[in-house]
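Okay, structure12.tsv is below, TSV, C-alpha atoms and all ligand atoms:
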chain	number	residue	atom	x	y	z
A	15	MET	CA	159.35	116.27	88.83
A	16	ARG	CA	158.13	115.47	92.33
A	17	CYS	CA	157.89	111.93	93.65
A	18	PRO	CA	154.17	111.06	93.96
A	19	TYR	CA	154.86	108.90	97.01
A	20	CYS	CA	157.08	110.93	99.32
A	21	LYS	CA	156.90	114.30	97.50
A	22	HIS	CA	160.66	114.51	97.31
A	23	GLN	CA	161.82	116.96	94.63
A	24	GLU	CA	164.70	115.04	93.12
A	25	THR	CA	163.86	112.20	90.80
A	26	GLY	CA	165.99	110.70	88.08
A	27	VAL	CA	164.99	109.31	84.72
A	28	VAL	CA	165.71	105.59	84.47
A	29	ASP	CA	164.10	104.95	81.12
A	30	SER	CA	162.76	107.21	78.42
A	31	ARG	CA	161.05	106.41	75.16
A	32	GLU	CA	158.69	107.80	72.61
A	33	VAL	CA	155.25	106.25	72.75
A	34	MET	CA	153.87	105.10	69.42
A	35	GLU	CA	153.57	107.67	66.69
A	36	ARG	CA	152.34	110.46	68.89
A	37	GLU	CA	154.84	112.83	70.32
A	38	VAL	CA	154.71	111.57	73.82
A	39	THR	CA	157.72	110.75	75.88
A	40	ARG	CA	157.18	108.14	78.50
A	41	ARG	CA	159.67	108.44	81.29
A	42	ARG	CA	160.25	105.97	84.03
A	43	ARG	CA	161.55	107.94	86.98
A	44	GLU	CA	163.08	106.93	90.24
A	45	CYS	CA	162.88	108.97	93.41
A	46	ARG	CA	166.31	109.81	94.85
A	47	ASN	CA	164.84	109.79	98.33
A	48	CYS	CA	162.58	106.73	98.67
A	49	GLY	CA	163.78	104.84	95.58
A	50	ARG	CA	160.28	104.19	94.27
A	51	ARG	CA	159.60	104.30	90.57
A	52	PHE	CA	156.81	106.00	88.69
A	53	THR	CA	155.92	106.87	85.13
A	54	THR	CA	155.35	110.23	83.55
A	55	TYR	CA	154.06	111.06	80.12
A	56	GLU	CA	155.36	114.34	78.87
A	57	ARG	CA	153.73	116.10	75.99
A	58	ALA	CA	152.55	119.50	74.87
A	59	GLU	CA	149.58	120.83	76.81
A	60	ILE	CA	147.60	121.30	73.60
A	61	ASP	CA	147.60	117.55	73.04
A	62	GLU	CA	145.76	116.73	76.22
A	63	ILE	CA	143.15	114.02	75.92
A	64	THR	CA	139.60	114.91	76.78
A	65	VAL	CA	137.38	112.47	78.63
A	66	ILE	CA	133.69	112.66	77.79
A	67	LYS	CA	131.64	111.55	80.74
A	68	LYS	CA	128.22	109.89	80.75
A	69	ASP	CA	126.49	113.20	81.41
A	70	ASN	CA	128.43	114.68	78.46
A	71	THR	CA	130.64	116.86	80.61
A	72	ARG	CA	134.27	116.91	79.64
A	73	GLN	CA	137.43	116.82	81.61
A	74	GLN	CA	141.09	116.34	81.01
A	75	PHE	CA	142.30	112.76	81.04
A	76	ASP	CA	144.01	111.95	84.30
A	77	ARG	CA	145.92	108.69	84.70
A	78	ASN	CA	145.68	109.06	88.47
A	79	LYS	CA	141.92	108.80	88.30
A	80	VAL	CA	142.22	105.54	86.39
A	81	LEU	CA	144.75	104.31	88.93
A	82	GLY	CA	142.47	105.42	91.78
A	83	GLY	CA	139.64	103.27	90.43
A	84	ILE	CA	141.97	100.29	90.12
A	85	ILE	CA	143.32	100.75	93.65
A	86	LYS	CA	139.80	100.92	95.04
A	87	ALA	CA	138.78	97.75	93.20
A	88	CYS	CA	141.90	95.95	94.42
A	89	GLU	CA	141.46	96.94	98.06
A	90	LYS	CA	142.60	94.20	100.45
A	91	ARG	CA	143.53	91.92	97.55
A	92	GLU	CA	147.07	90.65	97.25
A	93	ILE	CA	147.95	92.78	94.28
A	94	SER	CA	151.05	94.91	94.33
A	95	ARG	CA	150.95	98.60	93.67
A	96	ALA	CA	153.39	97.97	90.82
A	97	ARG	CA	150.84	95.71	89.08
A	98	MET	CA	148.17	98.38	89.45
A	99	GLU	CA	150.54	101.02	88.06
A	100	GLU	CA	151.30	98.75	85.11
A	101	ILE	CA	147.61	98.48	84.31
A	102	ALA	CA	147.12	102.24	84.51
A	103	ASP	CA	150.17	102.70	82.26
A	104	ARG	CA	148.86	100.20	79.75
A	105	ILE	CA	145.48	101.88	79.61
A	106	GLU	CA	147.00	105.31	79.23
A	107	SER	CA	149.33	104.12	76.45
A	108	ARG	CA	146.39	102.56	74.67
A	109	ILE	CA	144.34	105.75	74.88
A	110	ARG	CA	147.24	107.93	73.79
A	111	SER	CA	148.15	105.75	70.85
A	112	ARG	CA	144.73	106.06	69.28
A	113	ASN	CA	144.17	108.71	66.67
A	114	SER	CA	141.69	110.59	68.77
A	115	MET	CA	142.03	113.33	71.33
A	116	GLU	CA	138.80	112.23	72.96
A	117	VAL	CA	137.82	109.15	74.87
A	118	THR	CA	134.59	108.38	76.68
A	119	SER	CA	134.58	107.41	80.34
A	120	ARG	CA	132.71	104.31	79.20
A	121	GLU	CA	135.63	103.26	76.95
A	122	ILE	CA	138.09	103.78	79.77
A	123	GLY	CA	135.86	101.77	82.12
A	124	SER	CA	135.70	98.97	79.59
A	125	MET	CA	139.51	98.86	79.35
A	126	VAL	CA	139.79	98.69	83.15
A	127	VAL	CA	137.17	95.91	83.31
A	128	LYS	CA	139.14	93.85	80.76
A	129	GLU	CA	142.39	94.31	82.64
A	130	LEU	CA	140.86	93.40	86.01
A	131	PHE	CA	139.15	90.41	84.43
A	132	ARG	CA	142.60	88.99	83.75
A	133	LEU	CA	143.95	90.04	87.12
A	134	ASP	CA	141.63	89.14	89.96
A	135	PRO	CA	138.01	87.95	90.32
A	136	VAL	CA	137.12	90.14	93.27
A	137	ALA	CA	138.67	93.29	91.81
A	138	TYR	CA	136.90	92.55	88.53
A	139	ILE	CA	133.49	92.12	90.13
A	140	ARG	CA	133.92	95.20	92.29
A	141	PHE	CA	134.87	97.39	89.37
A	142	ALA	CA	132.36	95.86	86.97
A	143	SER	CA	129.52	96.39	89.42
A	144	VAL	CA	130.26	100.11	89.62
A	145	TYR	CA	130.99	100.43	85.93
A	146	ASN	CA	127.97	98.51	84.71
A	147	ASN	CA	125.79	99.87	87.47
A	148	PHE	CA	124.08	96.50	87.76
A	149	GLY	CA	120.35	97.05	87.92
A	150	SER	CA	119.44	93.58	89.11
A	151	PRO	CA	120.94	90.56	90.87
A	152	GLU	CA	120.53	88.73	87.54
A	153	GLU	CA	122.91	91.12	85.74
A	154	PHE	CA	125.38	90.67	88.55
A	155	ARG	CA	125.17	86.87	88.30
A	156	LYS	CA	125.83	87.09	84.57
A	157	ALA	CA	129.02	89.07	85.19
A	158	VAL	CA	130.18	86.53	87.75
A	159	SER	CA	129.51	83.60	85.44
A	160	ALA	CA	131.25	85.42	82.56
A	161	PHE	CA	134.30	85.54	84.76
A	162	GLY	CA	134.03	81.82	85.49
A	163	ARG	CA	133.83	81.06	81.76
A	164	GLY	CA	136.84	83.28	81.02
A	165	ARG	CA	138.87	81.42	83.61
A	166	GLY	CA	137.85	78.06	82.20
A	167	ARG	CA	138.97	79.08	78.73
A	168	ARG	CA	142.35	80.17	79.94
A	169	MET	CA	142.92	76.94	81.83
A	170	LYS	CA	142.35	74.88	78.71
A	171	GLN	CA	145.02	76.81	76.80
B	1	ZN	ZN	160.00	109.33	96.91
Is it possible to express this structure as structure tokens?
Ligand SMILES: [Zn+2]
Amino acid sequence: MRCPYCKHQETGVVDSREVMEREVTRRRRECRNCGRRFTTYERAEIDEITVIKKDNTRQQFDRNKVLGGIIKACEKREISRARMEEIADRIESRIRSRNSMEVTSREIGSMVVKELFRLDPVAYIRFASVYNNFGSPEEFRKAVSAFGRGRGRRMKQ
């Protein structure tokens, strides 16, 4: 298993566990060269999750694409790569623990929106504006005020 950061070949498993009831092994690996950690999900090829896109085309689920969207939304925000990886992991675990081999890109987008909503206002708005494809300034304002309300609720708790 290659390190996704420095491409070094030797990585060690630091933690390994079965995910939910599906036969997926989640492994936390550490690169022997740069010391960075990353997560792999190992499972039979036949169990791959299919993503159904808006135009009805299908492609294999790819955690890196989810992570890529998160990274883009979090650009220049003070959010560590580890936090972004955690979110991508959480979303992947959630998708893989469902009893379906298919997920729509819309469902994935909605999960990312919810995670970013809790994380950072700018990242949330950036992602939500792409995901919802805001057609008018009014829709955009609604999303912004939804975020404000969410924050207010949490502060009262
Ligand atoms: Zn490395």
Using all atoms listed in the file, which protein or nucleic acid residues come within 12 Å of A:Tyr19? Drop anything in the same chain fewer than 5 positions from it, and give the result as a PyMOL selection string.
chain A and resi 25+44-52+95
With C-alpha atoms kept, could you save the residues just selected as a PDB file, in the frame of the given file?
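Dumped to part_5.pdb:
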ATOM      1  CA  THR A  25     163.860 112.200  90.800  1.00  0.00           C
ATOM      2  CA  GLU A  44     163.080 106.930  90.240  1.00  0.00           C
ATOM      3  CA  CYS A  45     162.880 108.970  93.410  1.00  0.00           C
ATOM      4  CA  ARG A  46     166.310 109.810  94.850  1.00  0.00           C
ATOM      5  CA  ASN A  47     164.840 109.790  98.330  1.00  0.00           C
ATOM      6  CA  CYS A  48     162.580 106.730  98.670  1.00  0.00           C
ATOM      7  CA  GLY A  49     163.780 104.840  95.580  1.00  0.00           C
ATOM      8  CA  ARG A  50     160.280 104.190  94.270  1.00  0.00           C
ATOM      9  CA  ARG A  51     159.600 104.300  90.570  1.00  0.00           C
ATOM     10  CA  PHE A  52     156.810 106.000  88.690  1.00  0.00           C
ATOM     11  CA  ARG A  95     150.950  98.600  93.670  1.00  0.00           C
TER      12      ARG A  95
END
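Going from atom CA of A:Asp29 to atom CA of A:Arg42 covers 4.9 Å.
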Go ahead and compute the interatomic distance for atom CA of A:Lys68 and atom CA of A:Val80, in Å to one decimal.
15.7 Å
(145.0, 86.4, 89.7) in this file's frame - what residues fall within 12 Å of it? Use only C-alpha atoms and give the answer as a list in words.
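In the file's frame, the residues around the point are Cys88, Arg91, Glu92, Ile93, Ser94, Arg97, Glu129, Leu130, Phe131, Arg132, Leu133, Asp134, Pro135, Val136, Ala137, Tyr138, Phe161, Arg165 and Arg168 of chain A.
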Take atom CA of A:Arg112 and atom CA of A:Gln74 and report the distance between them in Å, one decimal.
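Computing it gives 16.0 Å between the two atoms.
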Point (153.4, 113.6, 79.9) neighbourhood (7 Å, only C-alpha atoms) written as a PyMOL selection string
chain A and resi 38-40+54-57
Keeping C-alpha atoms, export the residues of the selection given above as a compact mmCIF listing (two decimals), in the frame of the given file.
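The result, written out as part-v2.txt:
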# COMPACT_ATOMS: atom_id res chain seq x y z
CA VAL A 38 154.71 111.57 73.82
CA THR A 39 157.72 110.75 75.88
CA ARG A 40 157.18 108.14 78.50
CA THR A 54 155.35 110.23 83.55
CA TYR A 55 154.06 111.06 80.12
CA GLU A 56 155.36 114.34 78.87
CA ARG A 57 153.73 116.10 75.99
Can you work out which one of A:Ser111, A:Thr71, A:Ser30, A:Asn146 has the shortest atom-to-atom distance to A:Val126, counting only C-alpha atoms?
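Smallest separation from A:Val126 among the options: A:Asn146.
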I'd like the contact shell of A:Glu62 - 10 Å cut-off, only C-alpha atoms, skipping same-chain residues fewer than 6 positions apart - returned as a PDB file with C-alpha atoms, in the coordinates of the input.
ATOM      1  CA  GLN A  73     137.430 116.820  81.610  1.00  0.00           C
ATOM      2  CA  GLN A  74     141.090 116.340  81.010  1.00  0.00           C
ATOM      3  CA  PHE A  75     142.300 112.760  81.040  1.00  0.00           C
ATOM      4  CA  ASP A  76     144.010 111.950  84.300  1.00  0.00           C
ATOM      5  CA  ARG A 110     147.240 107.930  73.790  1.00  0.00           C
ATOM      6  CA  MET A 115     142.030 113.330  71.330  1.00  0.00           C
ATOM      7  CA  GLU A 116     138.800 112.230  72.960  1.00  0.00           C
TER       8      GLU A 116
END
Find the residues near A:Ile139: any atom within 8 Å, counting all atoms listed in the file, skip ones fewer than 4 places away on the same chain, and give them as a list in words.
Pro135, Ser143, Ala157 and Val158 of chain A
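For the residues A:Arg43, A:Arg163, A:Arg120, A:Lys67, ranking by smallest atom-to-atom distance to A:Tyr145 using all atoms listed in the file places A:Arg120 first.
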Nearest to A:Thr64 among A:Thr118, A:Ser107, A:Gln23, A:Asn113, with distances taken over only C-alpha atoms: which residue is it?
A:Thr118
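Among the candidates A:Glu89, A:Glu24, A:Asp103, A:Asp69, the one nearest to ligand ZN 1 (chain B) when counting only C-alpha atoms and all ligand atoms is A:Glu24.
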May I ask which of the residues A:Val127, A:Met15, A:Glu121, A:Ser159 is the closest one to ligand ZN 1 (chain B), counting all atoms listed in the file?
A:Met15
